[in-house]
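Here is work_20.tsv, consisting of TSV, C-alpha atoms and all ligand atoms:
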chain	number	residue	atom	x	y	z
A	1	MET	CA	239.92	182.06	118.47
A	2	GLU	CA	240.54	179.45	121.18
A	3	ARG	CA	243.41	180.82	123.25
A	4	ARG	CA	246.14	178.31	124.02
A	5	ALA	CA	247.59	178.08	127.50
A	6	LEU	CA	250.67	180.26	127.29
A	7	GLU	CA	254.08	178.91	128.15
A	8	HIS	CA	256.77	181.42	127.23
A	9	ALA	CA	257.50	182.77	123.78
A	10	THR	CA	260.60	184.56	122.58
A	11	ALA	CA	261.37	186.14	119.22
A	12	SER	CA	264.17	188.32	117.89
A	13	ALA	CA	264.86	190.67	115.01
A	14	PRO	CA	268.19	191.95	113.64
A	15	GLY	CA	269.44	195.47	113.05
A	16	LYS	CA	270.07	196.76	109.57
A	17	ILE	CA	272.23	199.10	107.56
A	18	ILE	CA	271.45	200.94	104.38
A	19	LEU	CA	274.30	200.30	101.94
A	20	PHE	CA	273.12	202.87	99.39
A	21	GLY	CA	270.26	205.27	98.79
A	22	GLU	CA	268.95	206.60	102.13
A	23	HIS	CA	266.90	209.81	101.98
A	24	ALA	CA	266.58	209.66	98.16
A	25	VAL	CA	264.52	206.50	98.80
A	26	VAL	CA	261.84	208.68	100.43
A	27	TYR	CA	261.48	210.39	97.01
A	28	GLY	CA	261.03	207.19	95.00
A	29	LYS	CA	264.66	206.27	94.25
A	30	PRO	CA	265.84	202.71	94.94
A	31	ALA	CA	267.94	201.76	97.96
A	32	ILE	CA	269.86	198.67	99.08
A	33	ALA	CA	269.61	197.57	102.71
A	34	VAL	CA	270.95	194.50	104.51
A	35	PRO	CA	270.32	192.93	107.92
A	36	VAL	CA	273.00	193.10	110.63
A	37	THR	CA	272.63	190.04	112.82
A	38	GLN	CA	275.32	190.93	115.39
A	39	VAL	CA	272.84	193.29	117.01
A	40	GLN	CA	269.35	192.12	117.95
A	41	ALA	CA	266.11	193.12	119.61
A	42	THR	CA	264.53	190.28	121.58
A	43	ALA	CA	260.98	190.15	122.93
A	44	THR	CA	259.75	187.64	125.49
A	45	VAL	CA	256.14	186.92	126.41
A	46	SER	CA	255.51	185.56	129.90
A	47	PRO	CA	252.35	185.15	131.98
A	48	GLY	CA	251.53	188.19	134.14
A	49	PRO	CA	249.43	188.55	137.30
A	50	VAL	CA	245.69	187.96	136.85
A	51	GLY	CA	243.95	191.11	135.62
A	52	CYS	CA	247.15	192.95	134.59
A	53	GLY	CA	246.25	193.03	130.88
A	54	LEU	CA	249.01	193.23	128.29
A	55	ILE	CA	252.04	194.92	129.83
A	56	LEU	CA	254.92	196.25	127.77
A	57	HIS	CA	258.16	196.19	129.74
A	58	LEU	CA	261.11	198.10	128.27
A	59	PRO	CA	263.90	197.74	130.85
A	60	ASP	CA	266.54	199.29	128.54
A	61	VAL	CA	264.73	202.64	128.75
A	62	GLY	CA	263.15	202.11	132.19
A	63	GLU	CA	259.56	201.98	130.93
A	64	ARG	CA	256.70	199.68	131.92
A	65	LEU	CA	253.20	200.43	130.67
A	66	ALA	CA	249.81	198.87	130.06
A	67	VAL	CA	249.34	198.55	126.30
A	68	ALA	CA	245.62	199.43	126.54
A	69	GLU	CA	246.36	202.68	128.39
A	70	ALA	CA	249.48	203.83	126.50
A	71	PRO	CA	249.17	207.05	124.49
A	72	PRO	CA	248.11	206.46	120.86
A	73	GLU	CA	251.42	207.87	119.59
A	74	HIS	CA	253.58	205.37	121.53
A	75	PRO	CA	255.08	203.42	118.58
A	76	LEU	CA	255.70	200.11	120.38
A	77	ALA	CA	252.40	200.07	122.29
A	78	HIS	CA	250.66	200.95	119.02
A	79	VAL	CA	252.21	198.01	117.17
A	80	CYS	CA	251.30	195.69	120.06
A	81	ARG	CA	247.67	196.84	119.87
A	82	LEU	CA	247.59	196.27	116.11
A	83	ALA	CA	249.18	192.83	116.40
A	84	ALA	CA	246.85	191.83	119.24
A	85	ARG	CA	243.84	192.83	117.13
A	86	LEU	CA	245.11	190.85	114.14
A	87	LEU	CA	245.76	187.83	116.36
A	88	ALA	CA	242.25	188.11	117.88
A	89	LEU	CA	243.76	188.67	121.34
A	90	GLN	CA	240.64	190.46	122.62
A	91	PRO	CA	240.28	191.15	125.48
A	92	LEU	CA	244.02	191.66	125.90
A	93	PRO	CA	245.57	188.72	127.78
A	94	ASP	CA	247.41	188.99	131.10
A	95	TRP	CA	250.88	188.82	129.60
A	96	VAL	CA	254.11	190.70	130.16
A	97	LEU	CA	255.95	191.48	126.96
A	98	THR	CA	259.58	192.30	127.77
A	99	LEU	CA	261.87	193.84	125.18
A	100	ARG	CA	265.65	193.99	125.34
A	101	SER	CA	267.87	195.26	122.58
A	102	THR	CA	271.56	195.51	121.77
A	103	ILE	CA	270.83	197.88	118.87
A	104	PRO	CA	271.88	201.46	119.66
A	105	ILE	CA	268.86	203.80	119.56
A	106	ALA	CA	268.59	206.52	116.88
A	107	SER	CA	271.83	205.51	115.18
A	108	GLY	CA	270.67	204.31	111.76
A	109	LEU	CA	270.66	200.62	112.67
A	110	GLY	CA	266.88	200.27	112.64
A	111	SER	CA	266.42	199.95	116.41
A	112	GLY	CA	262.75	201.01	116.34
A	113	ALA	CA	261.76	198.70	113.49
A	114	ALA	CA	263.67	195.80	115.06
A	115	ALA	CA	261.98	196.33	118.43
A	116	ALA	CA	258.54	196.41	116.81
A	117	THR	CA	259.34	193.32	114.70
A	118	ALA	CA	260.48	191.33	117.74
A	119	LEU	CA	257.30	192.30	119.65
A	120	VAL	CA	254.98	191.33	116.78
A	121	ARG	CA	256.79	188.03	116.26
A	122	ALA	CA	256.70	187.20	119.97
A	123	LEU	CA	252.94	187.84	120.15
A	124	ALA	CA	252.37	185.73	117.04
A	125	ARG	CA	254.51	182.94	118.45
A	126	ALA	CA	252.73	183.08	121.83
A	127	THR	CA	249.43	182.43	120.07
A	128	GLY	CA	250.92	179.75	117.81
A	129	THR	CA	250.05	181.80	114.70
A	130	PRO	CA	252.55	181.79	111.83
A	131	MET	CA	252.91	185.33	110.46
A	132	PRO	CA	254.53	185.87	107.06
A	133	ALA	CA	257.20	188.55	106.64
A	134	THR	CA	254.89	190.71	104.48
A	135	GLN	CA	252.36	190.90	107.31
A	136	VAL	CA	255.01	191.60	109.96
A	137	ALA	CA	256.50	194.35	107.75
A	138	ALA	CA	253.07	195.93	107.23
A	139	LEU	CA	252.34	196.06	110.98
A	140	VAL	CA	255.78	197.41	111.81
A	141	TYR	CA	255.38	200.11	109.15
A	142	GLU	CA	252.56	201.56	111.29
A	143	SER	CA	255.00	202.07	114.17
A	144	GLU	CA	257.58	203.53	111.79
A	145	ILE	CA	255.05	206.24	110.87
A	146	LEU	CA	254.96	207.25	114.53
A	147	TYR	CA	258.78	207.22	114.79
A	148	HIS	CA	259.62	208.89	111.48
A	149	GLY	CA	256.61	210.74	110.11
A	150	THR	CA	257.04	209.77	106.46
A	151	PRO	CA	259.04	206.52	106.40
A	152	SER	CA	259.85	204.98	103.04
A	153	GLY	CA	259.25	201.51	104.51
A	154	ILE	CA	262.82	200.31	104.01
A	155	ASP	CA	263.63	199.56	107.67
A	156	ASN	CA	260.56	197.46	108.44
A	157	THR	CA	261.02	195.59	105.15
A	158	VAL	CA	264.67	194.60	105.47
A	159	ILE	CA	264.23	193.68	109.13
A	160	ALA	CA	261.04	191.64	108.69
A	161	TYR	CA	262.45	189.80	105.65
A	162	GLU	CA	265.91	189.38	107.23
A	163	GLN	CA	267.63	189.38	103.88
A	164	PRO	CA	269.29	191.90	101.60
A	165	VAL	CA	266.63	193.93	99.80
A	166	TRP	CA	266.42	196.13	96.74
A	167	PHE	CA	263.78	198.54	97.93
A	168	VAL	CA	261.62	201.01	96.02
A	169	ARG	CA	258.87	202.79	97.92
A	170	ASN	CA	255.38	201.35	97.34
A	171	GLN	CA	256.73	198.35	95.46
A	172	PRO	CA	257.14	194.82	96.80
A	173	PRO	CA	260.75	194.29	97.95
A	174	ALA	CA	262.89	192.40	95.43
A	175	PRO	CA	265.10	189.54	96.63
A	176	PHE	CA	268.67	190.61	96.22
A	177	PRO	CA	271.19	187.77	96.06
A	178	ILE	CA	274.74	188.72	97.06
A	179	GLN	CA	277.10	186.75	94.78
A	180	ARG	CA	280.23	187.25	96.85
A	181	PRO	CA	279.91	187.96	100.58
A	182	PHE	CA	281.89	191.00	101.73
A	183	VAL	CA	282.74	192.69	105.01
A	184	VAL	CA	281.69	196.18	106.04
A	185	LEU	CA	282.82	197.98	109.15
A	186	ILE	CA	280.08	199.79	111.05
A	187	ALA	CA	281.45	202.64	113.16
A	188	ASP	CA	279.14	204.32	115.66
A	189	THR	CA	279.64	208.07	116.24
A	190	GLY	CA	277.81	207.64	119.56
A	191	LEU	CA	275.57	210.57	118.58
A	192	ALA	CA	271.87	209.79	118.68
A	193	SER	CA	270.06	211.54	115.86
A	194	PRO	CA	266.32	211.03	115.30
A	195	THR	CA	265.60	210.13	111.69
A	196	SER	CA	262.42	212.23	111.74
A	197	THR	CA	264.56	215.40	112.12
A	198	THR	CA	266.87	214.75	109.16
A	199	VAL	CA	264.01	213.47	106.98
A	200	GLY	CA	262.07	216.66	107.84
A	201	ASP	CA	265.08	218.89	107.10
A	202	VAL	CA	265.63	217.21	103.72
A	203	ARG	CA	261.96	217.79	102.97
A	204	SER	CA	262.29	221.51	103.86
A	205	GLY	CA	265.41	221.75	101.66
A	206	TRP	CA	263.60	220.07	98.78
A	207	GLN	CA	260.60	222.37	99.17
A	208	ALA	CA	262.87	225.44	99.18
A	209	ASP	CA	265.00	224.32	96.21
A	210	PRO	CA	263.35	221.37	94.43
A	211	ARG	CA	265.66	221.44	91.40
A	212	ARG	CA	268.83	221.16	93.44
A	213	TYR	CA	267.48	218.37	95.67
A	214	GLU	CA	265.98	216.43	92.79
A	215	ALA	CA	269.35	216.48	91.02
A	216	LEU	CA	270.94	215.08	94.20
A	217	PHE	CA	268.27	212.34	94.49
A	218	GLU	CA	268.66	211.51	90.79
A	219	ARG	CA	272.43	211.03	91.14
A	220	VAL	CA	271.96	208.89	94.26
A	221	GLY	CA	269.55	206.72	92.24
A	222	GLN	CA	272.20	206.23	89.55
A	223	LEU	CA	274.75	205.19	92.19
A	224	VAL	CA	272.31	202.64	93.63
A	225	TYR	CA	271.84	201.03	90.20
A	226	ALA	CA	275.63	200.95	89.69
A	227	ALA	CA	276.05	199.37	93.16
A	228	ARG	CA	273.49	196.70	92.37
A	229	GLN	CA	275.35	195.79	89.20
A	230	ALA	CA	278.69	195.64	91.02
A	231	ILE	CA	277.23	193.40	93.76
A	232	GLU	CA	275.56	191.13	91.21
A	233	LEU	CA	278.86	190.76	89.33
A	234	GLY	CA	280.76	190.17	92.57
A	235	ASN	CA	282.85	193.26	91.77
A	236	ILE	CA	282.98	194.45	95.37
A	237	GLY	CA	285.92	196.85	94.89
A	238	ALA	CA	283.74	198.95	92.58
A	239	LEU	CA	281.47	199.77	95.55
A	240	GLY	CA	284.15	201.94	97.22
A	241	PRO	CA	283.98	205.02	94.97
A	242	LEU	CA	280.18	204.68	94.84
A	243	MET	CA	280.06	204.84	98.65
A	244	ASP	CA	282.31	207.91	98.70
A	245	GLU	CA	280.13	209.74	96.21
A	246	ASN	CA	276.93	208.72	98.02
A	247	HIS	CA	278.43	210.21	101.22
A	248	GLN	CA	279.22	213.50	99.45
A	249	LEU	CA	275.68	213.67	98.07
A	250	LEU	CA	274.22	213.07	101.54
A	251	ALA	CA	276.49	215.80	102.89
A	252	ALA	CA	275.17	218.11	100.15
A	253	MET	CA	271.64	217.30	101.37
A	254	GLY	CA	272.73	218.52	104.82
A	255	VAL	CA	272.54	215.22	106.68
A	256	SER	CA	276.21	214.61	107.47
A	257	CYS	CA	278.05	216.22	110.40
A	258	ARG	CA	281.60	216.89	111.49
A	259	GLU	CA	281.95	213.56	113.34
A	260	LEU	CA	280.73	211.53	110.36
A	261	ASN	CA	283.00	213.44	107.99
A	262	VAL	CA	285.99	212.86	110.28
A	263	LEU	CA	285.24	209.10	110.39
A	264	GLN	CA	284.75	209.03	106.62
A	265	ARG	CA	288.17	210.67	106.05
A	266	THR	CA	289.79	208.44	108.68
A	267	ALA	CA	288.47	205.27	107.05
A	268	LYS	CA	289.75	206.38	103.67
A	269	ASP	CA	293.17	207.43	104.99
A	270	ALA	CA	293.48	204.04	106.74
A	271	GLY	CA	292.91	202.24	103.44
A	272	ALA	CA	289.13	201.72	103.14
A	273	LEU	CA	287.96	201.39	99.55
A	274	GLY	CA	285.01	203.65	100.35
A	275	ALA	CA	282.93	204.94	103.26
A	276	LYS	CA	279.63	206.69	103.82
A	277	LEU	CA	277.13	207.53	106.50
A	278	SER	CA	274.29	205.04	106.78
A	279	GLY	CA	270.69	205.84	107.72
A	280	GLY	CA	269.26	209.17	108.76
A	281	GLY	CA	272.64	210.86	109.36
A	282	ARG	CA	273.92	213.76	111.58
A	283	GLY	CA	275.16	211.05	113.90
A	284	GLY	CA	274.52	207.34	114.00
A	285	ASN	CA	276.78	205.14	111.96
A	286	LEU	CA	279.39	205.33	109.26
A	287	ILE	CA	279.98	202.25	107.12
A	288	ALA	CA	283.36	201.55	105.56
A	289	LEU	CA	284.38	198.97	102.97
A	290	PRO	CA	287.78	197.46	103.81
A	291	PRO	CA	289.99	195.65	101.31
A	292	GLU	CA	289.70	191.88	101.71
A	293	ASP	CA	292.80	191.46	103.83
A	294	GLU	CA	292.18	190.74	107.57
A	295	GLY	CA	295.04	193.07	108.52
A	296	ASP	CA	293.40	195.97	106.71
A	297	ILE	CA	290.13	195.36	108.57
A	298	GLY	CA	291.86	195.55	111.96
A	299	ARG	CA	293.88	198.62	111.00
A	300	ILE	CA	290.85	200.55	109.71
A	301	ALA	CA	288.77	199.56	112.75
A	302	ALA	CA	291.52	200.75	115.10
A	303	ALA	CA	291.85	204.06	113.22
A	304	LEU	CA	288.09	204.61	113.44
A	305	ARG	CA	288.17	204.02	117.21
A	306	ARG	CA	291.06	206.45	117.61
A	307	SER	CA	289.06	209.04	115.66
A	308	GLY	CA	286.14	208.86	118.07
A	309	ALA	CA	283.98	205.87	117.06
A	310	VAL	CA	282.44	204.48	120.26
A	311	SER	CA	282.16	201.01	118.70
A	312	VAL	CA	283.18	199.34	115.46
A	313	LEU	CA	281.48	196.15	114.25
A	314	ALA	CA	282.61	194.02	111.33
A	315	SER	CA	279.60	192.54	109.56
A	316	THR	CA	279.72	190.09	106.66
A	317	ILE	CA	277.09	190.97	104.07
A	318	GLY	CA	275.48	188.11	102.21
A	319	ALA	CA	276.97	185.33	104.35
A	401	LIG	O1	266.13	204.59	110.28
A	401	LIG	P1	267.36	205.11	109.64
A	401	LIG	O2	268.02	206.21	110.39
A	401	LIG	O3	268.28	204.05	109.16
A	401	LIG	O4	266.91	205.90	108.28
A	401	LIG	C1	266.00	205.38	107.40
A	401	LIG	C2	266.34	205.79	106.04
A	401	LIG	C3	265.80	207.12	105.51
A	401	LIG	O5	265.92	207.02	104.09
A	401	LIG	C4	266.65	208.29	106.00
A	401	LIG	C5	264.36	207.36	105.90
A	401	LIG	C6	263.38	206.39	105.26
A	401	LIG	O6	262.26	206.32	105.76
A	401	LIG	O7	263.70	205.74	104.25

Mind turning the file's structure into structure tokens?
Ligand code: PMV
Amino acid sequence: MERRALEHATASAPGKIILFGEHAVVYGKPAIAVPVTQVQATATVSPGPVGCGLILHLPDVGERLAVAEAPPEHPLAHVCRLAARLLALQPLPDWVLTLRSTIPIASGLGSGAAAATALVRALARATGTPMPATQVAALVYESEILYHGTPSGIDNTVIAYEQPVWFVRNQPPAPFPIQRPFVVLIADTGLASPTSTTVGDVRSGWQADPRRYEALFERVGQLVYAARQAIELGNIGALGPLMDENHQLLAAMGVSCRELNVLQRTAKDAGALGAKLSGGGRGGNLIALPPEDEGDIGRIAAALRRSGAVSVLASTIGA
């Protein structure tokens, strides 16, 4: 490929939340995930000194490394190598790829997948190569394997497509129109919790007692179908009890924690229609569904902050 003279290229990717179905999705059940655009990872390509090769600069975590020399298990260097190969960037160009992100790490908002998506998009843009969402999602999945071990593929899919998705492992994602936009509050416990740990613990639990875990996954699957129907009918209030039950099922799988349970109770006591943990669990974020009134949203957000949430975002789903 003829390499174009590089100016600068920038690309971003949003965070995400899982509305319903995390963990059970690893075992073939459906899940619903939506992008969260208030938080973003942004990658910028700029020319580097002659002979520097492709440099990955991660100022948020104080890292700067040569992509060619990074360990094979470094998820972001790995995805850069794969993207560079696909884009025929061989030998690696003298570029500095800088990543900044406002997505809290290890908190269920898809920080790793968003970072990898932004990097892949920035490299594609720098070479003037359009890259469809399917291809971006497939590349990012490779970095998710290094982050998570056995990812279902939901994070890379919802983030690369940037739209609500109905996701079933090993099936193409289905477009999922939201009839009536609705607000969810996203409350951060401030506890970082690697998804690989909770996914691994659920796997151990399932191996030790497959019947119990399969019953939990089965019930989660039923809730996800019920949630899809409610969203398609615009019957948003019906999501509340489904969220509460999904939270209890996740707690029964062993992936909740005291802080998440306190926030869940707080949201309910302050008037939320429903609330559940979102993502890997044992930290990260709780999502709560407020009634439609603005006053309720403010009151629930304030109660969540008082109960220990380090931040509370209001995100409109389907807008
Ligand atoms: O990346 P997180 O923490 O939002 O979790 C991803 C969802 C899981 O179902 C827990 C794991 C997976 O790969 O689907």

**Report entry** Close residues to ligand LIG 401 (chain A) using all atoms listed in the file, limit 6 Å, as a PyMOL selection string
**Finding:** chain A and resi 22-23+25-26+108-110+151-154+195+199+279-280

Requested in this report: Would you mind telling me which residue in A:Val45, A:Ile178, A:Ala70, A:Cys52 lies nearest to Ile231 (chain A) when using only C-alpha atoms?
Outcome: A:Ile178

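Shell of Gly281 (chain A) at 7 Å, with all atoms listed in the file counted and residues fewer than 6 places along the chain excluded, is Thr198, Val255 and Ser256 of chain A.
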
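When the distance limit is 7 Å and only C-alpha atoms are what count, the residues near Gly240 (chain A), minus those fewer than 2 positions from it on the same chain, are A:Gly237, A:Ala238, A:Leu242, A:Met243, A:Asp244, A:Leu273, A:Gly274, A:Ala275, A:Leu289.
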
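Comparing the minimum interatomic distances between Ile17 (chain A) and each of A:Val34, A:Leu313, A:Leu86, A:Leu65, counting all atoms listed in the file, we find that A:Val34 sits nearest.
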
Please give the centre and size of the box around region 208-227 of chain A (axis-aligned, containing every atom listed in the file, 4 Å added per side), with values in Å to one decimal and written as JSON.
{"center_x": 269.5, "center_y": 212.4, "center_z": 94.4, "size_x": 21.2, "size_y": 34.1, "size_z": 17.6}

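Take CA of Asp155 (chain A) and CA of Ser204 (chain A): the distance between them is 22.3 Å.
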
**Report entry** Spatial neighbours of Asp188 (chain A), 6 Å, only C-alpha atoms, chain gap at least 4 places, as a list in words
**Finding:** Gly284, Asn285, Ala309, Val310 and Ser311 of chain A

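With all atoms listed in the file as the atoms that count, the minimum distance from Val184 (chain A) to the choices A:Thr98, A:Gln163, A:Thr316, A:Gln40 is reached by A:Thr316.
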
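Going from CA of Pro181 (chain A) to CA of Glu294 (chain A) covers 14.4 Å.
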
Query - Å distance separating CA of Ser278 (chain A) from CA of Asp209 (chain A), one decimal place - result: 23.9 Å

Requested in this report: Fewer than 6 positions away in the same chain doesn't count, so skip those; otherwise give me all residues within 10 Å of region 12-14 of chain A, counting only C-alpha atoms, as a ChimeraX atom specification.
Outcome: /A:34-44,99-103,109-111,113-122,158-162

Since the input lacks some atoms of region 110-135 of chain A, please model N, CA, C and O atoms and print them as a PDB file, in the frame of the given file.
ATOM      1  N   GLY A 110     268.252 200.807 112.687  1.00  0.00           N
ATOM      2  CA  GLY A 110     266.880 200.270 112.640  1.00  0.00           C
ATOM      3  C   GLY A 110     266.366 199.788 113.985  1.00  0.00           C
ATOM      4  O   GLY A 110     265.554 198.855 114.039  1.00  0.00           O
ATOM      5  N   SER A 111     266.799 200.440 115.071  1.00  0.00           N
ATOM      6  CA  SER A 111     266.420 199.950 116.410  1.00  0.00           C
ATOM      7  C   SER A 111     264.893 199.909 116.595  1.00  0.00           C
ATOM      8  O   SER A 111     264.360 198.940 117.146  1.00  0.00           O
ATOM      9  N   GLY A 112     264.205 200.942 116.136  1.00  0.00           N
ATOM     10  CA  GLY A 112     262.750 201.010 116.340  1.00  0.00           C
ATOM     11  C   GLY A 112     262.034 199.907 115.571  1.00  0.00           C
ATOM     12  O   GLY A 112     261.156 199.212 116.118  1.00  0.00           O
ATOM     13  N   ALA A 113     262.414 199.728 114.320  1.00  0.00           N
ATOM     14  CA  ALA A 113     261.760 198.700 113.490  1.00  0.00           C
ATOM     15  C   ALA A 113     262.082 197.299 114.026  1.00  0.00           C
ATOM     16  O   ALA A 113     261.227 196.403 114.011  1.00  0.00           O
ATOM     17  N   ALA A 114     263.305 197.113 114.523  1.00  0.00           N
ATOM     18  CA  ALA A 114     263.670 195.800 115.060  1.00  0.00           C
ATOM     19  C   ALA A 114     262.895 195.500 116.336  1.00  0.00           C
ATOM     20  O   ALA A 114     262.417 194.374 116.547  1.00  0.00           O
ATOM     21  N   ALA A 115     262.741 196.514 117.187  1.00  0.00           N
ATOM     22  CA  ALA A 115     261.980 196.330 118.430  1.00  0.00           C
ATOM     23  C   ALA A 115     260.541 195.942 118.090  1.00  0.00           C
ATOM     24  O   ALA A 115     259.989 194.978 118.640  1.00  0.00           O
ATOM     25  N   ALA A 116     259.940 196.683 117.172  1.00  0.00           N
ATOM     26  CA  ALA A 116     258.540 196.410 116.810  1.00  0.00           C
ATOM     27  C   ALA A 116     258.415 195.019 116.172  1.00  0.00           C
ATOM     28  O   ALA A 116     257.469 194.276 116.459  1.00  0.00           O
ATOM     29  N   THR A 117     259.374 194.645 115.352  1.00  0.00           N
ATOM     30  CA  THR A 117     259.340 193.320 114.700  1.00  0.00           C
ATOM     31  C   THR A 117     259.424 192.206 115.737  1.00  0.00           C
ATOM     32  O   THR A 117     258.670 191.223 115.683  1.00  0.00           O
ATOM     33  N   ALA A 118     260.332 192.368 116.704  1.00  0.00           N
ATOM     34  CA  ALA A 118     260.480 191.330 117.740  1.00  0.00           C
ATOM     35  C   ALA A 118     259.183 191.207 118.543  1.00  0.00           C
ATOM     36  O   ALA A 118     258.732 190.088 118.855  1.00  0.00           O
ATOM     37  N   LEU A 119     258.546 192.338 118.863  1.00  0.00           N
ATOM     38  CA  LEU A 119     257.300 192.300 119.650  1.00  0.00           C
ATOM     39  C   LEU A 119     256.183 191.596 118.865  1.00  0.00           C
ATOM     40  O   LEU A 119     255.479 190.740 119.414  1.00  0.00           O
ATOM     41  N   VAL A 120     256.040 191.952 117.600  1.00  0.00           N
ATOM     42  CA  VAL A 120     254.980 191.330 116.780  1.00  0.00           C
ATOM     43  C   VAL A 120     255.227 189.826 116.661  1.00  0.00           C
ATOM     44  O   VAL A 120     254.312 189.005 116.831  1.00  0.00           O
ATOM     45  N   ARG A 121     256.472 189.471 116.398  1.00  0.00           N
ATOM     46  CA  ARG A 121     256.790 188.030 116.260  1.00  0.00           C
ATOM     47  C   ARG A 121     256.534 187.277 117.559  1.00  0.00           C
ATOM     48  O   ARG A 121     256.056 186.147 117.543  1.00  0.00           O
ATOM     49  N   ALA A 122     256.888 187.887 118.684  1.00  0.00           N
ATOM     50  CA  ALA A 122     256.700 187.200 119.970  1.00  0.00           C
ATOM     51  C   ALA A 122     255.217 186.983 120.239  1.00  0.00           C
ATOM     52  O   ALA A 122     254.803 185.909 120.696  1.00  0.00           O
ATOM     53  N   LEU A 123     254.397 187.996 119.940  1.00  0.00           N
ATOM     54  CA  LEU A 123     252.940 187.840 120.150  1.00  0.00           C
ATOM     55  C   LEU A 123     252.388 186.747 119.236  1.00  0.00           C
ATOM     56  O   LEU A 123     251.569 185.925 119.654  1.00  0.00           O
ATOM     57  N   ALA A 124     252.850 186.745 117.983  1.00  0.00           N
ATOM     58  CA  ALA A 124     252.370 185.730 117.040  1.00  0.00           C
ATOM     59  C   ALA A 124     252.769 184.338 117.520  1.00  0.00           C
ATOM     60  O   ALA A 124     251.963 183.398 117.523  1.00  0.00           O
ATOM     61  N   ARG A 125     254.017 184.247 117.983  1.00  0.00           N
ATOM     62  CA  ARG A 125     254.510 182.940 118.450  1.00  0.00           C
ATOM     63  C   ARG A 125     253.734 182.485 119.687  1.00  0.00           C
ATOM     64  O   ARG A 125     253.390 181.313 119.829  1.00  0.00           O
ATOM     65  N   ALA A 126     253.443 183.426 120.587  1.00  0.00           N
ATOM     66  CA  ALA A 126     252.730 183.080 121.830  1.00  0.00           C
ATOM     67  C   ALA A 126     251.339 182.526 121.533  1.00  0.00           C
ATOM     68  O   ALA A 126     250.787 181.763 122.326  1.00  0.00           O
ATOM     69  N   THR A 127     250.761 182.931 120.405  1.00  0.00           N
ATOM     70  CA  THR A 127     249.430 182.430 120.070  1.00  0.00           C
ATOM     71  C   THR A 127     249.508 181.257 119.090  1.00  0.00           C
ATOM     72  O   THR A 127     248.480 180.764 118.624  1.00  0.00           O
ATOM     73  N   GLY A 128     250.743 180.870 118.729  1.00  0.00           N
ATOM     74  CA  GLY A 128     250.920 179.750 117.810  1.00  0.00           C
ATOM     75  C   GLY A 128     250.465 180.085 116.389  1.00  0.00           C
ATOM     76  O   GLY A 128     250.098 179.209 115.617  1.00  0.00           O
ATOM     77  N   THR A 129     250.516 181.389 116.032  1.00  0.00           N
ATOM     78  CA  THR A 129     250.050 181.800 114.700  1.00  0.00           C
ATOM     79  C   THR A 129     251.246 182.135 113.806  1.00  0.00           C
ATOM     80  O   THR A 129     251.985 183.071 114.113  1.00  0.00           O
ATOM     81  N   PRO A 130     251.449 181.396 112.718  1.00  0.00           N
ATOM     82  CA  PRO A 130     252.550 181.790 111.830  1.00  0.00           C
ATOM     83  C   PRO A 130     252.220 183.129 111.158  1.00  0.00           C
ATOM     84  O   PRO A 130     251.070 183.344 110.765  1.00  0.00           O
ATOM     85  N   MET A 131     253.169 184.023 111.088  1.00  0.00           N
ATOM     86  CA  MET A 131     252.910 185.330 110.460  1.00  0.00           C
ATOM     87  C   MET A 131     253.961 185.579 109.387  1.00  0.00           C
ATOM     88  O   MET A 131     255.152 185.668 109.693  1.00  0.00           O
ATOM     89  N   PRO A 132     253.547 185.666 108.122  1.00  0.00           N
ATOM     90  CA  PRO A 132     254.530 185.870 107.060  1.00  0.00           C
ATOM     91  C   PRO A 132     255.209 187.238 107.138  1.00  0.00           C
ATOM     92  O   PRO A 132     254.643 188.181 107.706  1.00  0.00           O
ATOM     93  N   ALA A 133     256.404 187.323 106.556  1.00  0.00           N
ATOM     94  CA  ALA A 133     257.200 188.550 106.640  1.00  0.00           C
ATOM     95  C   ALA A 133     256.442 189.767 106.101  1.00  0.00           C
ATOM     96  O   ALA A 133     256.544 190.863 106.658  1.00  0.00           O
ATOM     97  N   THR A 134     255.645 189.575 105.053  1.00  0.00           N
ATOM     98  CA  THR A 134     254.890 190.710 104.480  1.00  0.00           C
ATOM     99  C   THR A 134     253.963 191.309 105.540  1.00  0.00           C
ATOM    100  O   THR A 134     253.823 192.534 105.637  1.00  0.00           O
ATOM    101  N   GLN A 135     253.318 190.431 106.300  1.00  0.00           N
ATOM    102  CA  GLN A 135     252.360 190.900 107.310  1.00  0.00           C
ATOM    103  C   GLN A 135     253.096 191.587 108.469  1.00  0.00           C
ATOM    104  O   GLN A 135     252.657 192.631 108.959  1.00  0.00           O
TER     105      GLN A 135
END
